[in-house]
Structures are given as structure tokens and as C-alpha cells.
Amino acid sequence: MTTRIRLRRMGSNKRPFFRVVVADQRSPRDGRFIENIGKYHPLDDPSVIEIDQSRALHWLRVGAQPSDQVRNLMKKVGIWEEFVKERPSAAAAPAKERRPKPKLSKKAKQKAEAAASEPEQTPVQEAPSAEPEPEVAEAGPEVAEADAAEAVEAVADVPEEAPSEGSAQAEETPAIDADEPSAPETTGAEDA
């Protein structure tokens with residue numbers, strides 16, 4: 001059975017005070033407890049902190065673990081320093097590090113996702129255009145000039161050939177309207 005030294009809430013609504021109790025870790029906050037060792041009144045000015053030092057040290061020695069709030073209260077009263085003198089390893093108790101969770105609304109999350117996806121698409125589109133430039137530079141200036149000259153000749157030849165090919169194809173294939181049904185072609189053998 002692991003025991004904890006923790007606070008038990010008492011009092012009326014909006015007027016709380018706490019008892020410092022030793023309880024089984026599995027029992028509920030305001031449930032069953034083993035021993036009452038002190039009290040804490042946070043609303044009084046100044047706050048009242050009364051913890052029985054001998055009983056608190058006894059429970060700490062037998063292995064009861066204080067909650068974070070009770071440890072803070074024990075430090076203010078001076079009980080925790082007494083216990084640390086006996087057991088220096090208790091000073092290096094693992095403290096819980098709380099990382100602040102990012103609190104974003106649904107719209108903010110959607111905007112963040114959209115912004116994250118846009119930069120990924122932009123470099124992918126730029127990558128192919130960046131690759132051919134190093135290849136031309138590696139080939140040398142003479143090869144680059146020869147390739148450029150061939151490209152200019154090919155572009156110059158294309159406009160001359162295109163109209164003649166297009167006009168020849170236009171004469172060979174008659175235009176067919178989609179609205180008019182096509183007449184079946186008959187051969188001379190079928191007419192006879």
C-alpha cells in the first residue's frame with residue numbers, strides 16, 4: 001500500500017479549508033484516510049499552516065510521498081528541510097515538469113495546417129526547374145551554344161511545316177456535323 005500525504009478539502013462553498021492527511025493513494029480526495037496530521041486555511045490573512053512535525057517526519061521516514069502542495073507547505077514550515085537533513089536523496093525528488101500545451105482554436109489549427117502544407121508544395125514545383133540548369137553548366141559553354149542553336153533552328157522550322165501539314169489534313173478529311181446522321185457507305189457491288 002503506497003501512502004500519500006495530501007490535502008483533504010473541507011468547508012462550505014467558496015470558503016475552503018484543508019486538512020493535511022495521510023491516505024492510501026487509491027482512496028478519493030475527500031475519502032478515507034489513515035491519519036490527520038495538520039490543517040491549512042488559505043483564506044485567512046496570513047494563511048494558517050499547522051502540521052504536526054513529529055508525525056509528518058514519521059510518515060516521511062516510512063515512505064509516504066507528499067503531494068506537491070503539501071511539500072510546498074512543509075518547506076514553508078521547515079519540516080521538509082529536517083527530512084532532507086536525514087535523507088539527502090529526498091532533495092533530488094523528481095519534480096514534474098509541466099509543458100504548456102498549445103491552445104489553438106479549430107480555425108487557428110486549420111490555418112496552421114494550410115500554412116504548413118503550402119511551403120511543402122512550393123519547393124516541389126521549383127525543384128524540377130532548378131535541375132536542368134546545373135546540367136547545362138556542367139556540359140560546357142560550347143555544348144550549350146550548340147544546343148541553343150539547334151533549338152532555334154527547330155523552332156524556326158516548325159512554323160513552316162505546320163501550315164502545310166494542317167492544310168493537307170483539312171483537305172483530306174471532310175468536316176462531319178454531329179447533328180446529321182452519317183449516310184452508310186455503299187460499294188458498287190451492293191448496288192448491283
# chains A, B, ... in the order shown; residues from 1 in each chain; ligands from 1

$ residues_around --residues "A:Arg9" --least-positions-apart "3" --cutoff "7 Å" --atoms "only C-alpha atoms" --output "PyMOL selection string"
chain A and resi 16-19+30

$ write_last_selection --atoms "N, CA and C atoms" --output "tab-separated table (two decimals), in the first residue's frame"
chain	number	residue	atom	x	y	z
A	16	PRO	N	-13.16	27.33	1.44
A	16	PRO	CA	-12.50	26.07	1.75
A	16	PRO	C	-11.42	26.20	2.82
A	17	PHE	N	-11.21	25.11	3.54
A	17	PHE	CA	-10.01	24.92	4.32
A	17	PHE	C	-9.63	23.47	4.13
A	18	PHE	N	-8.40	23.14	4.44
A	18	PHE	CA	-7.90	21.80	4.13
A	18	PHE	C	-7.31	21.15	5.37
A	19	ARG	N	-7.41	19.84	5.42
A	19	ARG	CA	-6.73	19.06	6.43
A	19	ARG	C	-5.59	18.33	5.75
A	30	ASP	N	-11.43	13.30	-0.90
A	30	ASP	CA	-12.11	13.58	0.35
A	30	ASP	C	-12.59	12.30	1.03

$ residues_around --residues "stretch 63-76 of chain A" --least-positions-apart "6" --cutoff "6 Å" --atoms "only C-alpha atoms" --output "list in words"
Thr3, Arg4, Ile5 and Arg6 of chain A

$ closest_residue --among "A:Ile49, A:Leu7, A:Trp59, A:Ser54" --to "A:Gly31" --atoms "only C-alpha atoms"
A:Leu7

$ closest_residue --among "A:Arg61, A:Arg87, A:Arg8, A:Arg15" --to "A:Ile37" --atoms "only C-alpha atoms"
A:Arg8
